[in-house]
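Enquirer: Quick one: the structure is below, questions incoming.
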Amino acid sequence: MRIGVEEEFHILEVESGLLVPRAGAVLRRLPRCTFTTELHQSTVESNSGVHTSLAGLYADLAGTRRRLDAAASSLGLAVVAAGTAPLAPAVSGHPTSDARYRHMVEEYRQVADEQLICGAQVHVDIPDRDTAVGVMCTVSPWLPVLLALSASSPFWQGIDTGYASWRTLLWQRWPTAGPVGCFADAADYDAAVDDMVRAGVISDPGMIYYDLRPSAHLPTLELRICDACPRAENVVLLAGLFRALVTEALRAAGAAVCDGHHEWLRGASWRAARSGLEGALVDPVTHRETPAADVVRGMLARLRPALEAHGDWETVSDLTEAALAEGSAAERMRRTAREEDLLACTDLLIAETRGERRPRRQAPVARRRVPRFVAGTAGSGAPEVLGS
């Protein structure tokens, strides 16, 4: 069962930490078979190869990030893999010049204007679309746990939102975002998608933004709930866990029964977005509020047979324990912002995206430009130095 990953990256001006619409310039220095545009010109996307091993996937992601960093650095820029950039402005104003993207901006207005967010999508091989639709109900209850493991977007417009994944709240404003419902088979799913296209809610099947979906163009099941992850090893962890969830769902296909009630999943996703790994999650089995570490370890134990079948147990268990010990990316960002400021937080994200654990030496904060829109906006939890 092969896996692949799509990663989205913010393009930043290093001095200010602000997003810049330079995707075109960066992409001209990169192979278009691996890198491509996104809705806004301050974002680029990478597409990994197809892999059977987590080690192969990690090497691919690390190499891709190095190439992207080199291209951006040659222009005096940096790239960041995180749900939101800490100092992102309210709106972009620089959508990519593409007919489909122009339609999205015109049709969805503020929702599209504020789509300054990045995610990580994982694809897993699936035998056919009927099978893909059939296993979605079994896998869906565990997706908020994967969201908590990926949470990396506590800041928006220079303010601490109080959420570990503010990207999730921004993302769920799209008409097709959020937990997927129950469908009898692929024909039932496709008919529902066609209904939304004919109703003018979306323009094409690619605008189905469920947390989980059969790919519109690949023979895969696609995980879409996660924030972009500063550390490539966290993406590998998500890929290993998702493949194990799909493997377990396929094994239990004959015995799994869905009651059709997925309403609780939106609340579970909200809980994961709010708390990340630092608070409680909704346990997928009991539907009770439970410490995040207990839920994560319970999922890991449940998936051990599937992880061992792929030779992933040792890697995934080690990465899981490391994630729980070090905390979510959101917590690392907050800690850095408390101890220094949001420019230091941005430096941390740049370093982790490069594969480093600590930022390279930067100019003193007092001599770096702080974005005007941050001054005077520091709210609860925001570093006061930014408004000084």
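Following the order of the structure tokens, first chain is A, next is B, and so on, with residues numbered from 1 inside each chain and ligands from 1 in the order they appear.
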At a cut-off of 9 Å, using only C-alpha atoms, what residues contact Gly76 in chain A? Leave out same-chain residues fewer than 2 positions from it and give the result as a count of residues only.
Expert: 6
Enquirer: Leaving out Leu277 in chain A and any residue of its chain fewer than 3 positions from it, which residues lie within 10 Å of it when counting only C-alpha atoms, given as a ChimeraX atom specification?
Expert: /A:145,147-151,164,272-274,280-281,291-293,295-296,323-331
Enquirer: Can you work out which one of A:His261, A:His10, A:Arg65, A:Arg332 has the shortest atom-to-atom distance to Thr34 in chain A, counting only C-alpha atoms?
Expert: A:Arg65
Enquirer: Excluding Gly17 in chain A and any residue of its chain fewer than 3 positions from it, enumerate the residues within 10 Å of it, using only C-alpha atoms, and give them as an MDAnalysis selection string.
Expert: chainID A and resid 11:14 20 77:78 85:88 342:347 350 368:371
Enquirer: Please determine, counting only C-alpha atoms, which residue among A:Val316, A:Ala244, A:Val5, A:Val26 has the shortest atom-to-atom distance to Ala120 in chain A.
Expert: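 Using only C-alpha atoms, Ala120 in chain A sits closest to A:Val5.
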Enquirer: Could you please determine the separation between CA of His287 in chain A and CA of Pro141 in chain A in Å, to one decimal place?
Expert: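 Separation between CA of His287 in chain A and CA of Pro141 in chain A: 9.6 Å.
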Enquirer: List every residue of range 20-197 of chain A that DSSP, applied to the backbone of this structure, places in strand (DSSP E or B), and write the result as a ChimeraX atom specification.
Expert: /A:35-37,40,43-47,51,77-80,95,119-125,153,155-156,159-160,165,178
Enquirer: Can you spit out the residues from that selection as a CSV table (one decimal), in the first residue's frame, using N, CA and C atoms?
Expert:
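The result, written out as result.csv:
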chain,number,residue,atom,x,y,z
A,35,PHE,N,6.7,20.8,-8.2
A,35,PHE,CA,6.2,22.0,-7.5
A,35,PHE,C,5.2,22.7,-8.4
A,36,THR,N,4.2,23.3,-7.7
A,36,THR,CA,3.1,24.0,-8.5
A,36,THR,C,2.6,25.2,-7.7
A,37,THR,N,1.6,25.9,-8.3
A,37,THR,CA,1.0,27.0,-7.7
A,37,THR,C,-0.1,26.6,-6.8
A,40,HIS,N,-3.2,31.5,-3.9
A,40,HIS,CA,-2.5,32.8,-3.7
A,40,HIS,C,-1.0,32.7,-4.1
A,43,THR,N,2.0,31.2,-1.9
A,43,THR,CA,2.0,29.8,-1.5
A,43,THR,C,2.5,29.0,-2.7
A,44,VAL,N,3.3,28.0,-2.4
A,44,VAL,CA,3.6,27.0,-3.4
A,44,VAL,C,3.3,25.6,-2.8
A,45,GLU,N,3.1,24.6,-3.7
A,45,GLU,CA,2.8,23.3,-3.3
A,45,GLU,C,3.9,22.3,-3.9
A,46,SER,N,4.2,21.3,-3.1
A,46,SER,CA,5.1,20.3,-3.6
A,46,SER,C,4.4,19.0,-3.6
A,47,ASN,N,4.8,18.1,-4.5
A,47,ASN,CA,4.2,16.8,-4.6
A,47,ASN,C,5.3,15.7,-4.6
A,51,HIS,N,5.7,6.1,-2.6
A,51,HIS,CA,6.6,5.3,-1.7
A,51,HIS,C,5.9,4.2,-1.0
A,77,LEU,N,14.4,35.1,0.0
A,77,LEU,CA,13.2,34.8,0.7
A,77,LEU,C,13.3,33.5,1.5
A,78,ALA,N,12.3,33.1,2.2
A,78,ALA,CA,12.3,31.9,2.9
A,78,ALA,C,10.9,31.2,2.8
A,79,VAL,N,10.8,29.9,3.1
A,79,VAL,CA,9.6,29.2,3.0
A,79,VAL,C,9.3,28.6,4.4
A,80,VAL,N,8.0,28.5,4.7
A,80,VAL,CA,7.6,28.0,6.0
A,80,VAL,C,6.4,27.0,5.7
A,95,PRO,N,-4.1,36.9,-5.8
A,95,PRO,CA,-4.4,35.6,-6.3
A,95,PRO,C,-3.6,35.2,-7.5
A,119,GLY,N,-1.7,23.4,4.2
A,119,GLY,CA,-2.0,22.1,4.8
A,119,GLY,C,-1.1,21.0,4.2
A,120,ALA,N,-1.2,19.8,4.8
A,120,ALA,CA,-0.4,18.7,4.3
A,120,ALA,C,-1.5,17.6,4.0
A,121,GLN,N,-1.4,17.1,2.8
A,121,GLN,CA,-2.4,16.0,2.4
A,121,GLN,C,-1.6,14.7,2.1
A,122,VAL,N,-2.2,13.6,2.6
A,122,VAL,CA,-1.5,12.3,2.5
A,122,VAL,C,-2.4,11.4,1.6
A,123,HIS,N,-1.8,10.8,0.6
A,123,HIS,CA,-2.6,9.9,-0.3
A,123,HIS,C,-2.1,8.4,0.1
A,124,VAL,N,-3.1,7.5,0.1
A,124,VAL,CA,-2.8,6.1,0.3
A,124,VAL,C,-3.5,5.3,-0.8
A,125,ASP,N,-2.8,4.4,-1.4
A,125,ASP,CA,-3.4,3.5,-2.4
A,125,ASP,C,-4.6,2.9,-1.9
A,153,SER,N,-0.9,26.3,13.8
A,153,SER,CA,-1.4,27.6,13.4
A,153,SER,C,-2.1,28.3,14.5
A,155,PHE,N,-1.3,31.4,15.5
A,155,PHE,CA,-1.3,32.9,15.3
A,155,PHE,C,-2.0,33.3,14.0
A,156,TRP,N,-2.7,34.4,14.1
A,156,TRP,CA,-3.3,34.9,12.9
A,156,TRP,C,-3.2,36.5,13.0
A,159,ILE,N,-1.7,37.9,16.2
A,159,ILE,CA,-2.5,37.7,17.5
A,159,ILE,C,-2.5,36.2,17.8
A,160,ASP,N,-2.4,35.8,19.1
A,160,ASP,CA,-2.6,34.5,19.5
A,160,ASP,C,-4.1,34.2,19.5
A,165,SER,N,-4.9,25.1,16.1
A,165,SER,CA,-5.0,25.1,14.6
A,165,SER,C,-6.1,26.1,14.2
A,178,GLY,N,-14.8,20.0,6.1
A,178,GLY,CA,-15.2,19.4,7.3
A,178,GLY,C,-15.4,17.9,7.2
Enquirer: As a compact mmCIF listing (two decimals) with N, CA, C and O atoms, in the first residue's frame, please: the residues near Glu352 in chain A (cut-off 7 Å, only C-alpha atoms, same-chain neighbours under 4 positions excluded).
Expert:
# COMPACT_ATOMS: atom_id res chain seq x y z
N PRO A 230 5.85 21.98 10.28
CA PRO A 230 7.21 22.51 10.14
C PRO A 230 8.26 21.41 10.00
O PRO A 230 9.19 21.54 9.21
N ARG A 231 8.13 20.32 10.75
CA ARG A 231 9.11 19.24 10.71
C ARG A 231 8.64 18.13 9.77
O ARG A 231 7.53 17.61 9.90
N LEU A 348 11.97 30.32 13.86
CA LEU A 348 11.88 28.91 14.26
C LEU A 348 11.23 28.09 13.17
O LEU A 348 11.70 26.99 12.82
N GLU A 356 16.30 22.04 10.35
CA GLU A 356 17.11 22.44 11.49
C GLU A 356 16.22 22.55 12.71
O GLU A 356 15.03 22.79 12.61
N ARG A 357 16.79 22.39 13.89
CA ARG A 357 16.01 22.52 15.12
C ARG A 357 16.08 23.92 15.70
O ARG A 357 15.23 24.32 16.49
Enquirer: Check the smallest atom-to-atom distance from each of A:Leu300, A:Ala186, A:Ala337, A:Leu61 to Ala132 in chain A using only C-alpha atoms, then report the winner.
Expert: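 Nearest candidate to Ala132 in chain A out of A:Leu300, A:Ala186, A:Ala337, A:Leu61: A:Ala186.
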Enquirer: DSSP says alpha helix (DSSP H) for which residues of range 95-220 of chain A? Put them as an MDAnalysis selection string?
Expert: chainID A and resid 99:108 110:113 129:139 143:150 166:171 186:198
